[in-house]
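To be precise, the following lines are query-v2.txt, and they hold compact mmCIF, C-alpha atoms.
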```
# COMPACT_ATOMS: atom_id res chain seq x y z
CA MET C 1 37.35 -95.83 34.51
CA ALA C 2 35.12 -97.64 37.02
CA VAL C 3 32.38 -100.23 36.59
CA VAL C 4 28.98 -98.71 37.40
CA HIS C 5 27.24 -100.24 40.41
CA LYS C 6 23.76 -101.75 39.95
CA ALA C 7 22.19 -99.22 42.33
CA GLU C 8 23.48 -96.46 40.05
CA ILE C 9 22.14 -98.35 36.99
CA ALA C 10 18.72 -98.52 38.66
CA ARG C 11 18.85 -94.78 39.48
CA ARG C 12 19.68 -93.86 35.91
CA LEU C 13 16.89 -96.03 34.51
CA ASN C 14 14.41 -93.78 36.34
CA LEU C 15 15.77 -90.46 35.05
CA LYS C 16 13.89 -88.40 32.47
CA VAL C 17 15.06 -89.14 28.94
CA SER C 18 16.03 -85.50 28.41
CA ASP C 19 18.60 -85.88 31.23
CA ALA C 20 22.02 -86.62 29.68
CA GLN C 21 22.68 -89.12 32.50
CA SER C 22 19.59 -91.20 31.75
CA LEU C 23 19.91 -94.83 30.74
CA VAL C 24 17.30 -96.76 28.75
CA ILE C 25 17.12 -100.55 28.52
CA THR C 26 13.82 -101.77 27.11
CA PRO C 27 12.08 -104.19 27.45
CA LEU C 28 13.54 -105.21 30.77
CA LEU C 29 11.86 -108.60 31.21
CA GLN C 30 12.29 -110.39 34.55
CA GLU C 31 13.87 -107.20 35.81
CA ALA C 32 14.99 -108.44 39.22
CA ALA C 33 16.76 -111.44 37.69
CA VAL C 34 18.51 -109.65 34.81
CA MET C 35 19.62 -106.79 37.06
CA GLY C 36 21.11 -109.28 39.48
CA VAL C 37 19.16 -107.91 42.43
CA GLU C 38 19.84 -111.02 44.49
CA SER C 39 23.46 -111.44 43.44
CA ASP C 40 26.66 -109.41 43.59
CA THR C 41 26.94 -108.77 39.86
CA ASP C 42 27.07 -105.24 38.50
CA ALA C 43 25.93 -106.20 35.03
CA VAL C 44 22.61 -106.36 33.22
CA ASP C 45 21.84 -109.59 31.39
CA LEU C 46 20.62 -109.14 27.82
CA ARG C 47 18.48 -111.43 25.68
CA LEU C 48 18.77 -112.61 22.11
CA GLY C 49 16.46 -110.86 19.64
CA THR C 50 14.25 -112.50 17.03
CA TYR C 51 15.87 -111.24 13.81
CA PHE C 52 19.04 -112.57 12.18
CA LEU C 53 21.14 -111.85 9.14
CA LEU C 54 22.41 -115.07 7.64
CA PRO C 55 25.54 -114.89 5.52
CA GLN C 56 25.12 -115.79 1.87
CA VAL C 57 27.85 -117.35 -0.20
CA PRO C 58 29.04 -114.49 -2.41
CA PRO C 59 29.19 -114.97 -6.18
CA GLN C 60 32.91 -114.22 -6.03
CA PRO C 61 35.24 -116.40 -3.95
CA PHE C 62 35.90 -113.52 -1.51
CA PHE C 63 34.22 -110.71 0.41
CA PHE C 64 34.96 -107.26 -0.96
CA PRO C 65 34.28 -104.63 1.76
CA SER C 66 32.71 -101.91 -0.40
CA ARG C 67 29.55 -99.78 -0.28
CA SER C 68 27.38 -102.03 -2.45
CA PHE C 69 28.91 -105.47 -1.85
CA ALA C 70 28.46 -105.49 1.96
CA LYS C 71 24.66 -105.20 1.84
CA SER C 72 24.23 -108.06 -0.62
CA THR C 73 25.99 -110.68 1.47
CA HIS C 74 23.26 -111.37 4.04
CA PHE C 75 19.58 -112.15 4.10
CA ARG C 76 17.23 -111.42 6.98
CA VAL C 77 15.24 -114.09 8.81
CA HIS C 78 12.78 -113.82 11.66
CA VAL C 79 12.74 -116.57 14.27
CA PRO C 80 9.69 -116.14 16.53
CA LEU C 81 9.94 -116.67 20.27
CA GLY C 82 9.67 -120.39 20.95
CA SER C 83 11.43 -121.37 17.72
CA TYR C 84 15.15 -121.77 17.23
CA LEU C 85 17.90 -121.13 14.73
CA VAL C 86 20.56 -123.74 14.04
CA VAL C 87 24.10 -122.41 13.74
CA PRO C 88 26.22 -125.12 12.14
CA ALA C 89 29.70 -125.84 13.48
CA HIS C 90 32.26 -123.15 12.59
CA GLN C 91 29.57 -120.90 11.09
CA THR C 92 28.55 -117.33 11.87
CA VAL C 93 25.37 -115.29 11.93
CA LEU C 94 24.48 -111.69 12.81
CA GLY C 95 21.88 -111.33 15.55
CA SER C 96 20.88 -108.58 17.93
CA THR C 97 19.81 -108.05 21.50
CA LEU C 98 16.11 -108.06 22.23
CA GLU C 99 16.68 -104.97 24.34
CA PHE C 100 17.00 -101.49 22.88
CA LEU C 101 19.59 -99.38 24.73
CA LYS C 102 20.33 -95.70 25.13
CA LEU C 103 23.59 -94.97 26.88
CA PRO C 104 24.16 -91.76 28.88
CA SER C 105 26.74 -89.28 27.68
CA ASP C 106 29.08 -90.06 30.58
CA LEU C 107 29.08 -93.86 30.40
CA SER C 108 30.41 -96.32 27.90
CA GLY C 109 29.56 -99.99 27.83
CA GLN C 110 30.83 -103.37 26.98
CA ILE C 111 28.89 -106.49 26.07
CA LEU C 112 30.29 -109.85 27.05
CA THR C 113 29.17 -113.38 26.29
CA LYS C 114 27.41 -114.92 29.28
CA SER C 115 29.75 -117.45 30.80
CA SER C 116 27.31 -120.35 30.40
CA ILE C 117 26.96 -119.54 26.68
CA ALA C 118 30.72 -119.13 26.28
CA ARG C 119 31.23 -122.63 27.68
CA THR C 120 29.34 -124.04 24.69
CA PHE C 121 31.97 -122.34 22.47
CA MET C 122 29.56 -119.74 21.20
CA VAL C 123 31.05 -116.27 20.86
CA ILE C 124 28.51 -113.46 20.58
CA GLU C 125 30.54 -110.33 20.12
CA THR C 126 33.70 -109.30 18.39
CA ALA C 127 33.15 -105.52 18.59
CA PRO C 128 32.06 -105.32 22.23
CA TRP C 129 32.64 -101.63 22.95
CA ILE C 130 29.57 -99.38 23.13
CA HIS C 131 30.13 -95.66 22.86
CA PRO C 132 28.52 -93.05 25.14
CA CYS C 133 25.16 -91.80 23.76
CA TYR C 134 24.75 -94.98 21.67
CA ARG C 135 21.15 -95.91 21.02
CA GLY C 136 19.83 -99.06 19.41
CA SER C 137 19.71 -102.79 19.84
CA LEU C 138 23.22 -104.22 19.86
CA THR C 139 24.25 -106.18 16.80
CA LEU C 140 25.85 -109.45 17.84
CA GLU C 141 28.44 -111.18 15.66
CA ILE C 142 27.57 -114.71 16.72
CA ALA C 143 30.10 -117.42 15.92
CA ASN C 144 29.81 -121.10 16.69
CA VAL C 145 33.44 -122.06 17.19
CA SER C 146 32.59 -125.56 18.42
CA ASN C 147 32.53 -128.78 16.42
CA THR C 148 28.79 -129.27 16.97
CA PRO C 149 25.76 -127.43 15.56
CA LEU C 150 24.24 -125.18 18.27
CA LEU C 151 20.65 -123.96 18.65
CA LEU C 152 19.84 -120.32 19.32
CA TYR C 153 16.54 -119.58 21.06
CA PRO C 154 15.47 -115.90 20.74
CA GLY C 155 14.40 -114.45 24.08
CA ARG C 156 16.99 -116.37 26.10
CA LEU C 157 19.74 -114.62 28.01
CA ILE C 158 22.90 -114.44 25.92
CA GLY C 159 25.05 -111.50 27.00
CA GLN C 160 26.01 -109.24 29.87
CA LEU C 161 26.15 -105.46 29.68
CA ILE C 162 28.81 -103.77 31.80
CA LEU C 163 28.73 -99.98 32.10
CA LEU C 164 31.88 -97.97 32.69
CA GLU C 165 32.14 -94.42 33.95
CA LEU C 166 34.27 -92.11 31.82
CA SER C 167 36.97 -90.28 33.66
CA GLY C 168 37.77 -86.62 33.06
CA LYS C 169 35.48 -83.81 32.06
CA ARG C 170 31.92 -84.76 31.14
CA ARG C 171 30.98 -84.37 27.52
CA SER C 172 28.72 -81.54 26.55
CA LYS C 173 25.40 -82.29 24.89
CA ARG C 174 26.00 -83.30 21.30
CA LYS C 175 23.86 -84.12 18.30
CA LEU C 176 23.15 -87.75 17.50
CA SER C 177 25.50 -89.40 15.06
CA GLY C 178 26.87 -92.72 13.95
CA SER C 179 26.58 -95.09 11.02
CA TYR C 180 23.97 -97.19 12.82
CA LEU C 181 21.45 -94.80 14.43
CA GLY C 182 18.79 -96.57 16.46
CA PRO C 183 18.84 -100.03 14.85
CA VAL C 184 16.23 -102.48 16.14
CA TYR C 185 17.39 -105.44 14.05
CA PRO C 186 20.88 -106.59 13.11
CA GLU C 187 22.11 -104.45 10.27
CA PRO C 188 24.67 -105.26 7.58
CA PRO C 189 28.00 -103.45 7.75
CA VAL C 190 28.30 -99.97 6.32
CA PHE C 191 31.46 -99.35 4.30
CA ASN C 192 32.78 -96.63 2.08
CA ASP C 193 34.42 -97.91 -1.06
CA PRO C 194 38.03 -98.76 -0.09
CA GLU C 195 39.53 -96.49 -2.75
CA GLU C 196 37.68 -93.53 -1.13
CA ASP C 197 39.04 -94.40 2.33
CA LEU C 198 42.57 -94.85 1.01
CA ALA C 199 42.40 -91.61 -1.00
CA MET C 200 41.89 -89.78 2.31
CA ILE C 201 45.34 -90.90 3.47
CA GLY C 202 46.92 -89.97 0.17
CA VAL C 203 46.80 -93.25 -1.80
CA PRO C 204 46.09 -92.30 -5.44
CA LYS C 205 43.02 -93.99 -6.90
CA SER C 206 45.18 -95.11 -9.80
CA ASP C 207 47.21 -97.24 -7.35
CA PHE C 208 44.13 -98.98 -5.98
CA LYS C 209 43.79 -102.63 -7.01
CA ARG C 210 40.26 -103.91 -7.43
CA PRO C 211 39.77 -107.61 -6.78
CA GLY C 212 40.63 -109.64 -9.82
CA ALA C 213 42.93 -106.97 -11.26
CA ALA C 214 46.56 -107.82 -11.94
CA TRP C 215 48.76 -107.21 -8.89
CA VAL C 216 51.78 -106.08 -10.89
CA LYS C 217 51.47 -103.33 -13.46
CA GLY C 218 52.49 -104.67 -16.88
CA MET O 1 -1.84 -79.34 14.89
CA SER O 2 0.84 -78.40 12.39
CA THR O 3 1.90 -80.56 9.50
CA CYS O 4 4.78 -80.28 7.08
CA TYR O 5 3.16 -82.11 4.21
CA VAL O 6 2.16 -79.08 2.14
CA LYS O 7 5.66 -77.64 2.57
CA VAL O 8 7.28 -80.96 1.63
CA LEU O 9 5.10 -81.28 -1.49
CA THR O 10 5.92 -77.74 -2.51
CA VAL O 11 9.65 -78.37 -2.09
CA SER O 12 9.35 -81.67 -3.95
CA GLU O 13 7.48 -80.03 -6.82
CA ALA O 14 10.22 -77.45 -7.21
CA ARG O 15 12.94 -80.10 -7.29
CA SER O 16 11.41 -82.87 -9.33
CA SER O 17 10.10 -82.77 -12.85
CA ASP O 18 8.19 -86.01 -12.23
CA LEU O 19 6.01 -84.75 -9.42
CA ARG O 20 3.13 -82.48 -10.37
CA ILE O 21 0.55 -80.96 -8.09
CA GLU O 22 -2.24 -79.50 -10.17
CA THR O 23 -5.33 -77.68 -9.09
CA ASP O 24 -7.40 -75.00 -10.74
CA ILE O 25 -8.78 -73.82 -7.41
CA PRO O 26 -7.06 -70.68 -6.06
CA GLN O 27 -4.98 -71.61 -3.03
CA VAL O 28 -6.87 -69.44 -0.51
CA VAL O 29 -10.19 -70.94 -1.58
CA GLY O 30 -8.63 -74.42 -1.68
CA ASP O 31 -7.27 -74.10 1.85
CA GLU O 32 -10.65 -72.96 3.12
CA ARG O 33 -12.49 -75.83 1.39
CA PHE O 34 -9.91 -78.32 2.58
CA LEU O 35 -10.24 -77.20 6.21
CA LYS O 36 -14.04 -77.19 6.04
CA CYS O 37 -13.98 -80.72 4.63
CA PHE O 38 -11.45 -81.81 7.26
CA TRP O 39 -13.56 -80.54 10.17
CA GLU O 40 -16.72 -82.09 8.73
CA LEU O 41 -14.94 -85.41 8.41
CA CYS O 42 -13.50 -85.09 11.92
CA SER O 43 -16.84 -84.55 13.58
CA TRP O 44 -18.34 -87.49 11.67
CA LEU O 45 -15.33 -89.69 12.29
CA ILE O 46 -15.18 -89.06 16.06
CA ASP O 47 -18.85 -90.01 16.47
CA PHE O 48 -18.38 -93.03 14.23
CA VAL O 49 -15.31 -94.30 16.08
CA LEU O 50 -16.91 -93.80 19.51
CA GLU O 51 -19.94 -95.74 18.33
CA ALA O 52 -17.94 -98.54 16.70
CA LYS O 53 -15.44 -98.95 19.53
CA PRO O 54 -15.95 -97.00 22.73
CA VAL O 55 -12.64 -95.53 23.86
CA SER O 56 -11.82 -95.92 27.51
CA THR O 57 -11.24 -92.62 29.28
CA ASN O 58 -8.26 -94.30 30.90
CA VAL O 59 -6.51 -94.56 27.52
CA ILE O 60 -7.31 -90.92 26.74
CA ASP O 61 -5.83 -89.87 30.08
CA GLN O 62 -2.74 -91.98 29.37
CA TYR O 63 -2.40 -90.35 25.96
CA ARG O 64 -2.57 -86.92 27.59
CA THR O 65 0.18 -87.69 30.08
CA GLN O 66 2.39 -89.90 27.89
CA SER O 67 2.25 -88.55 24.32
CA LYS O 68 4.69 -85.68 24.90
CA VAL O 69 7.11 -88.00 26.65
CA ILE O 70 6.86 -90.57 23.83
CA SER O 71 7.49 -87.78 21.34
CA GLU O 72 10.69 -86.85 23.20
CA TYR O 73 11.83 -90.50 23.03
CA PHE O 74 11.31 -90.53 19.25
CA ARG O 75 13.09 -87.17 18.93
CA GLN O 76 16.05 -88.77 20.66
CA ALA O 77 15.87 -91.89 18.44
CA ILE O 78 14.78 -94.19 21.28
CA VAL O 79 12.15 -96.94 21.25
CA PRO O 80 9.46 -95.78 23.73
CA SER O 81 8.30 -99.11 25.11
CA THR O 82 9.46 -98.05 28.57
CA ILE O 83 9.15 -94.36 29.37
CA VAL O 84 9.81 -92.34 32.50
CA VAL O 85 6.95 -90.09 33.60
CA GLU O 86 7.49 -88.11 36.80
CA GLY O 87 10.34 -90.36 37.93
CA LYS O 88 8.38 -93.57 37.39
CA ARG O 89 8.84 -96.11 34.61
CA GLU O 90 5.70 -96.83 32.58
CA HIS O 91 4.86 -98.95 29.56
CA PRO O 92 2.51 -97.13 27.17
CA SER O 93 -0.40 -99.11 25.75
CA PRO O 94 -0.46 -99.94 22.02
CA VAL O 95 -3.30 -97.43 21.41
CA VAL O 96 -1.28 -94.62 23.00
CA LEU O 97 1.88 -95.67 21.14
CA ILE O 98 0.24 -95.79 17.70
CA ASN O 99 -1.45 -92.40 18.17
CA ALA O 100 1.66 -90.74 19.57
CA ALA O 101 3.81 -92.19 16.77
CA PHE O 102 1.44 -90.99 14.06
CA ARG O 103 1.27 -87.55 15.59
CA PHE O 104 5.07 -87.45 15.70
CA TYR O 105 5.15 -88.55 12.05
CA LEU O 106 2.86 -85.66 11.09
CA GLU O 107 4.35 -82.95 13.24
CA SER O 108 7.82 -83.62 14.51
CA ILE O 109 10.06 -85.52 12.08
CA PRO O 110 12.03 -82.32 11.32
CA GLY O 111 12.82 -82.10 15.07
CA LEU O 112 14.31 -85.59 14.94
CA ILE O 113 16.34 -84.85 11.80
CA LYS O 114 17.62 -81.59 13.33
CA ASN O 115 18.86 -83.63 16.27
CA VAL O 116 21.11 -85.75 14.04
CA ASN O 117 24.55 -84.65 12.91
CA LYS O 118 25.03 -83.83 9.19
CA GLU O 119 21.35 -84.27 8.34
CA ASN O 120 19.21 -81.64 6.62
CA PRO O 121 15.58 -81.36 7.81
CA ALA O 122 14.61 -79.84 4.42
CA SER O 123 15.76 -82.93 2.54
CA VAL O 124 12.89 -85.06 1.27
CA GLU O 125 15.25 -88.06 1.15
CA ALA O 126 16.21 -87.60 4.84
CA ARG O 127 12.55 -87.27 5.79
CA SER O 128 11.73 -90.52 4.02
CA ARG O 129 14.66 -92.32 5.66
CA PHE O 130 13.74 -91.11 9.16
CA ALA O 131 10.05 -91.88 8.61
CA GLU O 132 11.16 -95.45 7.93
CA ARG O 133 13.22 -95.44 11.16
CA LEU O 134 10.23 -94.08 13.08
CA GLU O 135 8.12 -96.94 11.76
CA LEU O 136 10.74 -99.46 12.91
CA TRP O 137 10.91 -97.91 16.40
CA SER O 138 7.12 -97.90 16.65
CA LEU O 139 6.85 -101.54 15.59
CA LYS O 140 9.59 -102.51 18.03
CA ALA O 141 7.75 -100.66 20.82
CA LEU O 142 4.55 -102.55 19.95
CA GLU O 143 6.39 -105.90 19.98
CA ASP O 144 7.93 -104.98 23.35
CA CYS O 145 4.47 -104.07 24.69
CA ARG O 146 3.19 -107.51 23.76
CA LEU O 147 6.12 -109.14 25.59
CA LEU O 148 5.70 -106.97 28.68
CA GLU O 149 1.96 -107.64 28.73
CA SER O 150 2.56 -111.37 28.33
CA GLU O 151 5.11 -111.33 31.15
CA LEU O 152 2.65 -109.47 33.35
CA GLN O 153 -0.03 -112.10 32.69
CA HIS O 154 2.08 -115.25 32.80
CA GLY O 155 5.51 -114.44 34.19
CA GLY O 156 4.73 -112.86 37.52
CA ARG O 157 6.03 -109.29 37.02
CA SER O 158 4.20 -106.96 39.36
CA GLN O 159 2.61 -103.93 37.75
CA SER O 160 4.49 -100.74 38.63
```
Just give me the structure as structure tokens.
Amino acid sequence: MAVVHKAEIARRLNLKVSDAQSLVITPLLQEAAVMGVESDTDAVDLRLGTYFLLPQVPPQPFFFPSRSFAKSTHFRVHVPLGSYLVVPAHQTVLGSTLEFLKLPSDLSGQILTKSSIARTFMVIETAPWIHPCYRGSLTLEIANVSNTPLLLYPGRLIGQLILLELSGKRRSKRKLSGSYLGPVYPEPPVFNDPEEDLAMIGVPKSDFKRPGAAWVKG
Amino acid sequence: MSTCYVKVLTVSEARSSDLRIETDIPQVVGDERFLKCFWELCSWLIDFVLEAKPVSTNVIDQYRTQSKVISEYFRQAIVPSTIVVEGKREHPSPVVLINAAFRFYLESIPGLIKNVNKENPASVEARSRFAERLELWSLKALEDCRLLESELQHGGRSQS
């Protein structure tokens, strides 16, 4: 697996969208700067988007990863360009990239925190891998792991996209799929109910413990 | 222009006891009257719009060259704020985007749904869900257009 060179990134950006090798990154503001035309980097810098999902304190003293619970734990806010969002120390927020991406079928990607951002102890991504054919803005799991509140300004550069060529046989054209097809804002997690997931590996539903239930059968 | 609305309503009527489509006009007569009314409205509306806000021929030319490409972006679930036409990246204007998106909404949502794994183009629920997605992609494209335009005016990007 090799990192894709910026000349190849530029070539793919100009391919027709029906070409499986085409790459879309839009809007590409300050293109020369974010593509690193005057530097040696083979990454594309990405900006912070204007929508956020702020975590709410759940009514129960825990988070239960189920179909209905996951969607009720965040609320959406819009922070226009020029304004900022305060992330208190040791707090988290879901954001997204300003750019919408479409990856080719033969490349995967990885998003990394920009080094200058990382040095403020802000982590932007805990699920950094981007699958081939992915399309959408990237949801960022932003965490302020410092001891100081930090300000987020939408529109500023926050991450770096690295593209990696897949080795082996190229994938044939497939239909679109995925739990998060074409998101343009950060989206809450999508879960099945845990008893359904566990039933698929043979755990009887009668053995499943819901939160709050007794741990030992009486 | 083809539209799926009549088909969707017919399917909905068959599946839902809440939705009723009632008319005492025989369908053949109804279709004829509907089309006559539509064309009369169209000819009035075109004159009215041209009078109220003259449309630049440049935008019409852009629509002709870009609408099919924009449609392909939507079919592939991609925000069309940057499109590639004949090997060159372009940014469609808001007028072109809105018209192309609405045309896609009327004509081509089943094509998008067919392109997605495990989705049924005949499902009214899927159509509603993807219509919502289409609206999000269109709004995102319009927001991007505003940013690109602003960068062009104030940020020094050269027009390609």
Can you list, as a PyMOL selection string, every protein, DNA or RNA residue that comes within 7 Å of region 98-109 of chain C when you count only C-alpha atoms, leaving out same-chain residues fewer than 6 positions away?
-> (chain C and resi 20-27+46-49+129-137+155+161-166+170-171+184) or (chain O and resi 78-79)
How would the residues just picked look written out with C-alpha atoms as a short mmCIF file (atom, residue, chain, number, x, y, z; two decimals), in the frame of the given file?
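Output contents, as saved in result39.cif:
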```cif
data_model
loop_
_atom_site.label_atom_id
_atom_site.label_comp_id
_atom_site.auth_asym_id
_atom_site.auth_seq_id
_atom_site.Cartn_x
_atom_site.Cartn_y
_atom_site.Cartn_z
CA ALA C 20 22.02 -86.62 29.68
CA GLN C 21 22.68 -89.12 32.50
CA SER C 22 19.59 -91.20 31.75
CA LEU C 23 19.91 -94.83 30.74
CA VAL C 24 17.30 -96.76 28.75
CA ILE C 25 17.12 -100.55 28.52
CA THR C 26 13.82 -101.77 27.11
CA PRO C 27 12.08 -104.19 27.45
CA LEU C 46 20.62 -109.14 27.82
CA ARG C 47 18.48 -111.43 25.68
CA LEU C 48 18.77 -112.61 22.11
CA GLY C 49 16.46 -110.86 19.64
CA TRP C 129 32.64 -101.63 22.95
CA ILE C 130 29.57 -99.38 23.13
CA HIS C 131 30.13 -95.66 22.86
CA PRO C 132 28.52 -93.05 25.14
CA CYS C 133 25.16 -91.80 23.76
CA TYR C 134 24.75 -94.98 21.67
CA ARG C 135 21.15 -95.91 21.02
CA GLY C 136 19.83 -99.06 19.41
CA SER C 137 19.71 -102.79 19.84
CA GLY C 155 14.40 -114.45 24.08
CA LEU C 161 26.15 -105.46 29.68
CA ILE C 162 28.81 -103.77 31.80
CA LEU C 163 28.73 -99.98 32.10
CA LEU C 164 31.88 -97.97 32.69
CA GLU C 165 32.14 -94.42 33.95
CA LEU C 166 34.27 -92.11 31.82
CA ARG C 170 31.92 -84.76 31.14
CA ARG C 171 30.98 -84.37 27.52
CA VAL C 184 16.23 -102.48 16.14
CA ILE O 78 14.78 -94.19 21.28
CA VAL O 79 12.15 -96.94 21.25
#
```
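Checking O:Lys88, O:Ser108, O:Phe130, O:Gln153 one by one against chain C, counting all atoms listed in the file, you find the shortest gap at O:Lys88.
Each of C:Val37, C:Ala143, C:Leu150, C:Leu94 was compared to Glu187 (chain C) using only C-alpha atoms, and C:Leu94 turns out to be the nearest.
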Nearest to Asp40 (chain C) by atom-to-atom distance, counting all atoms listed in the file, from C:Leu198, C:Pro88, C:Thr120, C:Lys6 |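 Of C:Leu198, C:Pro88, C:Thr120, C:Lys6, the one nearest Asp40 (chain C), counting all atoms listed in the file, is C:Lys6.
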Atom-to-atom span, CA of Ile111 (chain C) and CA of Gly159 (chain C), Å =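 A separation of 6.4 Å between them.
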Determine which residues of chain C sit within 6 Å of chain O, taking into account only C-alpha atoms, and present them as a ChimeraX atom specification.
-> /C:14,16,26-27,175-177,182
